[in-house]
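Trainee: Quick one: this structure, given as structure tokens, is what I'll be asking you about.
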Amino acid sequence: MADLAGRTALVTGASRGIGRSIAQRLAAEGALVAVHYGTNDDAARKTVAAIHRSGGRAFPLRAELGVDGDVDTLFAALETELQDRPLDILVNNAAVIDYGASIHAATPKSYERVFAINVRAPLFITQRALRLMPDGGRIINISSGVTWFATPEIVYAMTKGALNVFGRSLAHTVGTRGITVNTVSPGITETDMNDWLRSAEATRHVATMTALARPGRPADIGDVVAFLASDDARWITGQTIEVNGGLLLGPVPAQSATTEVPAH
Ligand SMILES: NC(=O)c1ccc[n+]([C@@H]2O[C@H](COP(=O)([O-])OP(=O)(O)OC[C@H]3O[C@@H](n4cnc5c(N)ncnc54)[C@H](OP(=O)(O)O)[C@@H]3O)[C@@H](O)[C@H]2O)c1
């Protein structure tokens, strides 16, 4: 158990997918969670309602990232809700992938948009969050395995490479305050971002690439983020942790690819 009672957390992109799971797990450990999202009010409401049903504390925070004034909008709402409480935990999770932004089809506009959401926003959210964060705080950035395996979505991969560098540099700078900064790098995980994964054939294919023989689930990531947010992770900083069930460790023998290791 992470025991985050009395802590506050901001999780960006928490209305759906991995962010929702992170928010639910942090709330289950006792944190008051700001469930940030961009436009999907219904999804954010569902996340907050699920947390409340489980006895946790959370509130929704709408602020579209990648547009003018995005960080001001977010922090105006956050500070109103926190009412002078500090922000103990920041999870930079919100991101978009542009499947059209390959080396052949990327445009300055698609490049600017993906970088604005995936890189500019985390940088300036963190800059503002540090003013509210006490010594000993926690920052966790959600990157991607595409920083070390190649895919055609070159612009998205470049943003995640930038985020890895951001995390190391930031950890170095804020370490004197006892603030840890780590990067969680999911593999192929079942969310809306990967709607291509919904077919049985795609799931089977991903299983053959993965030592634990299945795609990731959002809770697989949320549980690791909760650990990094906890006191138990106090001596881990500046690290990138691959959370991917053993993705692309090597060829998987045909017979073992069908034996799924169940999630608990
Ligand atoms: N799924 C994977 O296989 C995978 C693998 C590696 C890394 N990741 C990383 O994991 C993180 C979460 O991914 P996911 O798969 O859970 O994504 P997802 O299901 O598509 O959810 C994206 C979340 O980000 C929010 N968001 C997107 N654009 C936004 C914007 N412009 N302004 C504000 N909020 C915005 C969405 O809010 P709305 O609901 O309002 O749209 C939503 O809450 C991302 O950093 C992603 O790069 C995912």
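Going by the structure tokens order, chains are called A, B, ..., each with residues numbered from 1, while ligands are numbered from 1 in the order shown.
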Using only C-alpha atoms and all ligand atoms, find each residue in chain A having at least one atom no more than 7 Å away from ligand 1; report its shortest atom-to-atom pair and that distance in Å (one decimal), rows by chain then rising number, as CSV.

Mentor:
```
residue,atom,partner,partner_atom_place_in_ligand_line,distance
A:Thr12,CA,ligand 1,34 (N),6.6
A:Gly13,CA,ligand 1,43 (O),3.2
A:Ala14,CA,ligand 1,43 (O),4.5
A:Ser15,CA,ligand 1,43 (O),4.0
A:Arg16,CA,ligand 1,43 (O),4.6
A:Gly17,CA,ligand 1,16 (O),3.5
A:Ile18,CA,ligand 1,16 (O),3.7
A:Gly19,CA,ligand 1,16 (O),5.5
A:His36,CA,ligand 1,34 (N),7.0
A:Tyr37,CA,ligand 1,37 (O),4.1
A:Gly38,CA,ligand 1,33 (C),3.3
A:Thr39,CA,ligand 1,40 (O),3.7
A:Asn40,CA,ligand 1,40 (O),3.7
A:Asp41,CA,ligand 1,40 (O),6.6
A:Ala43,CA,ligand 1,39 (O),6.0
A:Ala44,CA,ligand 1,39 (O),6.7
A:Ala63,CA,ligand 1,33 (C),5.8
A:Glu64,CA,ligand 1,32 (N),3.7
A:Leu65,CA,ligand 1,32 (N),3.6
A:Gly66,CA,ligand 1,31 (N),5.5
A:Asn93,CA,ligand 1,45 (O),4.4
A:Ala94,CA,ligand 1,24 (O),3.8
A:Ala95,CA,ligand 1,45 (O),4.4
A:Val96,CA,ligand 1,28 (N),5.3
A:Ile97,CA,ligand 1,47 (O),6.8
A:Ile117,CA,ligand 1,31 (N),5.5
A:Ile142,CA,ligand 1,45 (O),4.9
A:Ser143,CA,ligand 1,7 (C),5.4
A:Ser144,CA,ligand 1,7 (C),3.9
A:Gly145,CA,ligand 1,6 (C),5.9
A:Ser185,CA,ligand 1,7 (C),6.1
A:Pro186,CA,ligand 1,6 (C),4.3
A:Gly187,CA,ligand 1,5 (C),4.9
A:Ile188,CA,ligand 1,3 (O),3.8
A:Thr189,CA,ligand 1,3 (O),3.6
A:Glu190,CA,ligand 1,1 (N),5.7
A:Thr191,CA,ligand 1,19 (O),4.6
A:Asp192,CA,ligand 1,19 (O),4.2
A:Met193,CA,ligand 1,20 (O),4.0
A:Asn194,CA,ligand 1,1 (N),5.5
```

Trainee: Extract, using only C-alpha atoms, all DNA, RNA and protein residues at most 10 Å from stretch 5-10 of chain A, discarding same-chain residues fewer than 5 positions from it, and format them as a PyMOL selection string.

Mentor: chain A and resi 23+26-36+57-59+61+78+82+85-93+129+133+137-139+229

Trainee: Here is a test: counting only C-alpha atoms, which residue of A:Ile22, A:Ala207, A:Leu197, A:Leu170 is nearest to A:Gly222?

Mentor: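 Closest residue, counting only C-alpha atoms: A:Ile22.
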
Trainee: Hey, which of A:Ser230, A:Thr237, A:Ser199, A:Thr208 ends up closest to A:Gly175? Count only C-alpha atoms.

Mentor: A:Thr237

Trainee: Just the helix (DSSP H, G or I) stuff from stretch 18-197 of chain A, please, per backbone DSSP, written as a ChimeraX atom specification.

Mentor: /A:18-28,41-53,70-82,108-132,145-147,154-177,192-197

Trainee: Got a sec: who's within 9 Å of A:Phe166, counting only C-alpha atoms, leaving out chain neighbours fewer than 5 positions off, as a list in words?

Mentor: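 Here the answer would be Val119, Leu123, Gly161 and Ala171 of chain A.
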
Trainee: For the residues in that selection, give me C-alpha atoms as a short mmCIF file (atom, residue, chain, number, x, y, z; two decimals), in the first residue's frame.

Mentor:
```
data_model
loop_
_atom_site.label_atom_id
_atom_site.label_comp_id
_atom_site.auth_asym_id
_atom_site.auth_seq_id
_atom_site.Cartn_x
_atom_site.Cartn_y
_atom_site.Cartn_z
CA VAL A 119 5.92 18.65 -24.14
CA LEU A 123 7.04 21.80 -18.82
CA GLY A 161 11.99 11.43 -26.07
CA ALA A 171 15.26 15.52 -11.14
#
```

Trainee: Go through A:Thr183, A:Ile241, A:Arg25, A:Trp235 one by one, measure the shortest atom-to-atom distance of each to A:Gly55 using only C-alpha atoms, and give the residue with the smallest value.

Mentor: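 Residue with the minimum atom-to-atom distance to A:Gly55: A:Arg25.
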
Trainee: What does the distance from atom CA of A:Ala233 to atom CA of A:Gly136 come to in Å, to one decimal?

Mentor: 11.1 Å

Trainee: What is the distance, in Å and to one decimal place, between atom CA of A:Thr173 and atom CA of A:Pro134?

Mentor: 14.8 Å

Trainee: Using only C-alpha atoms, which residue out of A:Trp196, A:Phe75, A:Phe227, A:Tyr156 lies closest to A:Ala106?

Mentor: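 Nearest to A:Ala106: A:Tyr156.
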
Trainee: For atom CA of A:Asp135 and atom CA of A:Val48, determine how far apart the two atoms are, in Å to one decimal place.

Mentor: 27.9 Å

Trainee: DSSP on the backbone, then: every residue of stretch 98-156 of chain A marked strand (DSSP E), written as a short mmCIF file (atom, residue, chain, number, x, y, z; two decimals) with all heavy atoms, in the first residue's frame.

Mentor:
```
data_model
loop_
_atom_site.label_atom_id
_atom_site.label_comp_id
_atom_site.auth_asym_id
_atom_site.auth_seq_id
_atom_site.Cartn_x
_atom_site.Cartn_y
_atom_site.Cartn_z
N ARG A 138 6.39 14.84 -5.25
CA ARG A 138 6.60 13.79 -6.25
C ARG A 138 6.13 14.27 -7.61
O ARG A 138 5.01 14.78 -7.74
CB ARG A 138 5.76 12.55 -5.90
CG ARG A 138 6.17 11.86 -4.60
CD ARG A 138 7.40 11.02 -4.86
NE ARG A 138 7.76 10.20 -3.72
CZ ARG A 138 8.58 10.59 -2.76
NH1 ARG A 138 9.12 11.79 -2.76
NH2 ARG A 138 8.88 9.76 -1.77
N ILE A 139 6.98 14.06 -8.63
CA ILE A 139 6.57 14.35 -10.01
C ILE A 139 6.80 13.08 -10.83
O ILE A 139 7.89 12.48 -10.78
CB ILE A 139 7.39 15.53 -10.59
CG1 ILE A 139 7.13 16.80 -9.77
CG2 ILE A 139 7.02 15.76 -12.07
CD1 ILE A 139 8.01 17.98 -10.13
N ILE A 140 5.77 12.68 -11.55
CA ILE A 140 5.87 11.47 -12.37
C ILE A 140 5.38 11.82 -13.78
O ILE A 140 4.27 12.33 -13.94
CB ILE A 140 5.02 10.33 -11.76
CG1 ILE A 140 5.59 9.96 -10.37
CG2 ILE A 140 5.05 9.10 -12.67
CD1 ILE A 140 4.58 9.77 -9.31
N ASN A 141 6.22 11.59 -14.75
CA ASN A 141 5.88 11.86 -16.14
C ASN A 141 5.58 10.54 -16.86
O ASN A 141 6.30 9.57 -16.66
CB ASN A 141 7.04 12.57 -16.84
CG ASN A 141 7.37 13.89 -16.17
OD1 ASN A 141 6.47 14.66 -15.82
ND2 ASN A 141 8.66 14.16 -15.96
N ILE A 142 4.57 10.56 -17.70
CA ILE A 142 4.22 9.34 -18.45
C ILE A 142 4.76 9.46 -19.87
O ILE A 142 4.30 10.28 -20.66
CB ILE A 142 2.69 9.10 -18.46
CG1 ILE A 142 2.12 9.14 -17.03
CG2 ILE A 142 2.41 7.75 -19.13
CD1 ILE A 142 2.70 8.13 -16.04
#
```

Trainee: Between A:Thr151, A:Val71, A:Thr107, A:Val225, which one has atoms that come closest to A:Gln24, using only C-alpha atoms?

Mentor: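 When distances to A:Gln24 are compared using only C-alpha atoms, the smallest one comes from A:Val225.
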
Trainee: Hey, what's within 8 Å of stretch 246-248 of chain A if we count only C-alpha atoms and toss same-chain stuff fewer than 4 positions away? As a list in words, please?

Mentor: Gly187, Met209, Thr210, Ala211 and Leu212 of chain A

Trainee: Looking at only C-alpha atoms, which of A:Thr126, A:Thr203, A:Thr47, A:Asn182 is the one that sits closest to A:Val224?

Mentor: A:Asn182

Trainee: Skipping near chain neighbours, those fewer than 4 positions away, what residues fall within 9 Å of A:Ile154 using only C-alpha atoms, listed as an MDAnalysis selection string?

Mentor: chainID A and resid 101:103 106 150 158:159

Trainee: Put those residues in a file: C-alpha atoms, as a PDB file, in the first residue's frame.

Mentor:
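What ended up in selection01.pdb:
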```pdb
ATOM      1  CA  ALA A 101       2.359  12.652 -38.279  1.00  0.00           C
ATOM      2  CA  SER A 102       4.891  10.362 -39.960  1.00  0.00           C
ATOM      3  CA  ILE A 103       8.081  11.518 -41.664  1.00  0.00           C
ATOM      4  CA  ALA A 106       3.829  15.513 -40.706  1.00  0.00           C
ATOM      5  CA  ALA A 150      10.633   2.488 -33.633  1.00  0.00           C
ATOM      6  CA  MET A 158       9.996  12.692 -30.508  1.00  0.00           C
ATOM      7  CA  THR A 159       7.730  14.270 -27.883  1.00  0.00           C
TER       8      THR A 159
END
```
